[in-house]
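Worksheet for the structure shown next.
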Amino acid sequence: MSISHTRRIWLTGASSGIGLGLAKELLEAGHHLALTARTLPPLQDLSERYPGQVLLIPGDITDGLQVKVMGDRIDEAWGHLDTAILNAGTCEYIEARDFDATLVERVIRTNLLATSLCIQEALPLLRKGKRPHLVGVTSAVTYLPLPRAEAYGASKAGLRYLFESLRLDLAGENIDVTIVSPGFVDTPLTEKNDFPMPMRWPVTRAARYIAQKINAPGRPLEIAFPRTFITSLRLLALLPARARLAMGKYMARTHRDGK
């Protein structure tokens, strides 16, 4: 992957899945990364493999005080950010017969509110950076409501709206905003899924694709993949509401029947 210059990048959720894969891609390209996750050993491994390129800022991004410390650490070490890639997130599914509001709260806190805390710390640093770029990882689930995805989908839909609105408000400051909308990717989170995952990508492929798009000369407004899967979801979302309901009921029944 070619780059025009080395960038200083804050990457959250860097200890596993897409985040870990993306960290490796960006470090291989020569960038400097501030890595955040609650699990420290994978970050330490990267620090040892890429000496001088990694700033370790582990912690829990749902804790505003910890996120403030992370921002201060970046400011002290670098004085600015060129890119913030806010990738950290979780997924839990709801059983409607035993609806659990605390599950919804937990998922939204991790996926939406914690990301907002990171944005709060990142923006002052991006304003001092080179061609600043804010990147948020949402999900293809935001295109079409799916059974049991009430909490996850709501949190990711909120993220999509948040970043798309920020894109408008930050345009005058020349801060680019990109949304990443993955389909199914082989990660520790998707390993727990008990349903078919069509067109699933290995994490290395997904990370390489995101890294290439982020570093492209013309920054995309959205990075969505796999293309065929995304196109299918977008077309299904155009169906009349009754047709989408019938399809969703069938998908829910298929899950219950274990087929």
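Letters A, B, ... go to the chains of the structure tokens in the order shown; residues in each chain start at 1; ligands are counted from 1 in the same order.
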
Run DSSP on the backbone of this structure and report the residues of segment 12-139 of chain A it assigns to alpha helix (DSSP H), as a count of residues only. 56

Spatial neighbours of segment 68-71 of chain A, max dist 8 Å, only C-alpha atoms, sep filter under 4 positions, as a list in words: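 With the cut-off at 8 Å, the set is Ile57, Pro58, Gly64, Asp75, Glu121 and Ala122 of chain A.
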
Would you kindly return, as a PDB file with C-alpha atoms, in the first residue's frame, each protein, DNA or RNA residue with an atom no farther than 12 Å from any atom of Tyr209 of chain A, considering only C-alpha atoms and excluding same-chain residues fewer than 6 positions away?
```pdb
ATOM      1  CA  MET A   1       0.000   0.000   0.000  1.00  0.00           C
ATOM      2  CA  ILE A  18     -10.863  -5.732  12.092  1.00  0.00           C
ATOM      3  CA  GLY A  21      -5.916  -6.453  11.223  1.00  0.00           C
ATOM      4  CA  LEU A  22      -6.111  -2.769  10.345  1.00  0.00           C
ATOM      5  CA  GLU A  25      -1.799  -3.016   7.703  1.00  0.00           C
ATOM      6  CA  LEU A  26      -1.201   0.589   8.754  1.00  0.00           C
ATOM      7  CA  VAL A 180     -16.993   2.079   7.120  1.00  0.00           C
ATOM      8  CA  SER A 181     -19.904  -0.347   6.639  1.00  0.00           C
ATOM      9  CA  PRO A 182     -18.667  -3.951   6.693  1.00  0.00           C
ATOM     10  CA  TRP A 201     -14.715 -12.037   4.296  1.00  0.00           C
ATOM     11  CA  PRO A 202     -11.597 -13.086   6.227  1.00  0.00           C
ATOM     12  CA  VAL A 203     -10.418 -10.338   8.522  1.00  0.00           C
ATOM     13  CA  ASN A 215      -5.221   5.961   2.004  1.00  0.00           C
ATOM     14  CA  ALA A 216      -6.623   6.518  -1.481  1.00  0.00           C
ATOM     15  CA  ILE A 223     -16.314   2.129   2.527  1.00  0.00           C
ATOM     16  CA  ALA A 224     -18.865  -0.688   2.186  1.00  0.00           C
ATOM     17  CA  PHE A 225     -18.154  -4.316   1.379  1.00  0.00           C
ATOM     18  CA  PRO A 226     -18.598  -6.934  -0.015  1.00  0.00           C
ATOM     19  CA  ARG A 227     -20.094  -5.026  -2.930  1.00  0.00           C
TER      20      ARG A 227
END
```

Given the choices A:Pro240, A:Pro41, A:Pro51, A:Gly158, which gets closest to Val137 of chain A if the distance is worked out from only C-alpha atoms?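 Once distances to Val137 of chain A are computed over only C-alpha atoms, the minimum belongs to A:Gly158.
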
Write down as an MDAnalysis selection string the residues of segment 45-252 of chain A whose backbone DSSP state falls under strand (DSSP E). chainID A and resid 54:56 83:86 133:137 176:182 222:225

Residues of the last selection are to be written out with C-alpha atoms, as a PDB file, in the first residue's frame.
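Output file part.pdb follows:
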```pdb
ATOM      1  CA  VAL A  54       3.260   2.525  18.422  1.00  0.00           C
ATOM      2  CA  LEU A  55       1.881   4.669  21.219  1.00  0.00           C
ATOM      3  CA  LEU A  56       0.080   2.476  23.753  1.00  0.00           C
ATOM      4  CA  THR A  83      -6.515  10.383  11.365  1.00  0.00           C
ATOM      5  CA  ALA A  84      -8.862   8.952  13.990  1.00  0.00           C
ATOM      6  CA  ILE A  85     -10.319   5.527  13.218  1.00  0.00           C
ATOM      7  CA  LEU A  86     -13.038   4.815  15.778  1.00  0.00           C
ATOM      8  CA  HIS A 133      -9.589  12.466   8.552  1.00  0.00           C
ATOM      9  CA  LEU A 134     -12.257  11.102  10.910  1.00  0.00           C
ATOM     10  CA  VAL A 135     -13.285   7.491  10.256  1.00  0.00           C
ATOM     11  CA  GLY A 136     -16.156   5.681  11.976  1.00  0.00           C
ATOM     12  CA  VAL A 137     -16.938   1.979  11.706  1.00  0.00           C
ATOM     13  CA  ASP A 176     -12.962  14.631   5.970  1.00  0.00           C
ATOM     14  CA  VAL A 177     -15.372  12.050   7.412  1.00  0.00           C
ATOM     15  CA  THR A 178     -15.591   8.461   6.165  1.00  0.00           C
ATOM     16  CA  ILE A 179     -18.004   5.746   7.283  1.00  0.00           C
ATOM     17  CA  VAL A 180     -16.993   2.079   7.120  1.00  0.00           C
ATOM     18  CA  SER A 181     -19.904  -0.347   6.639  1.00  0.00           C
ATOM     19  CA  PRO A 182     -18.667  -3.951   6.693  1.00  0.00           C
ATOM     20  CA  GLU A 222     -18.235   5.409   2.680  1.00  0.00           C
ATOM     21  CA  ILE A 223     -16.314   2.129   2.527  1.00  0.00           C
ATOM     22  CA  ALA A 224     -18.865  -0.688   2.186  1.00  0.00           C
ATOM     23  CA  PHE A 225     -18.154  -4.316   1.379  1.00  0.00           C
TER      24      PHE A 225
END
```

At what distance in Å, to one decimal, does atom CA of Ala34 of chain A lie from atom CA of Ser47 of chain A?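 Going from atom CA of Ser47 of chain A over to atom CA of Ala34 of chain A covers 10.1 Å.
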
Using only C-alpha atoms, which residue out of A:Arg131, A:Arg200, A:Arg242, A:Lys24 lies closest to Arg219 of chain A?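 The closest residue to Arg219 of chain A is A:Arg131.
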
Residue neighbourhood Ala114 of chain A, 8 Å, only C-alpha atoms, exclusion window fewer than 4 positions, as a list in words: Ile61, Thr62, Asp63, Gly64, Arg109, Thr110 and Cys118 of chain A
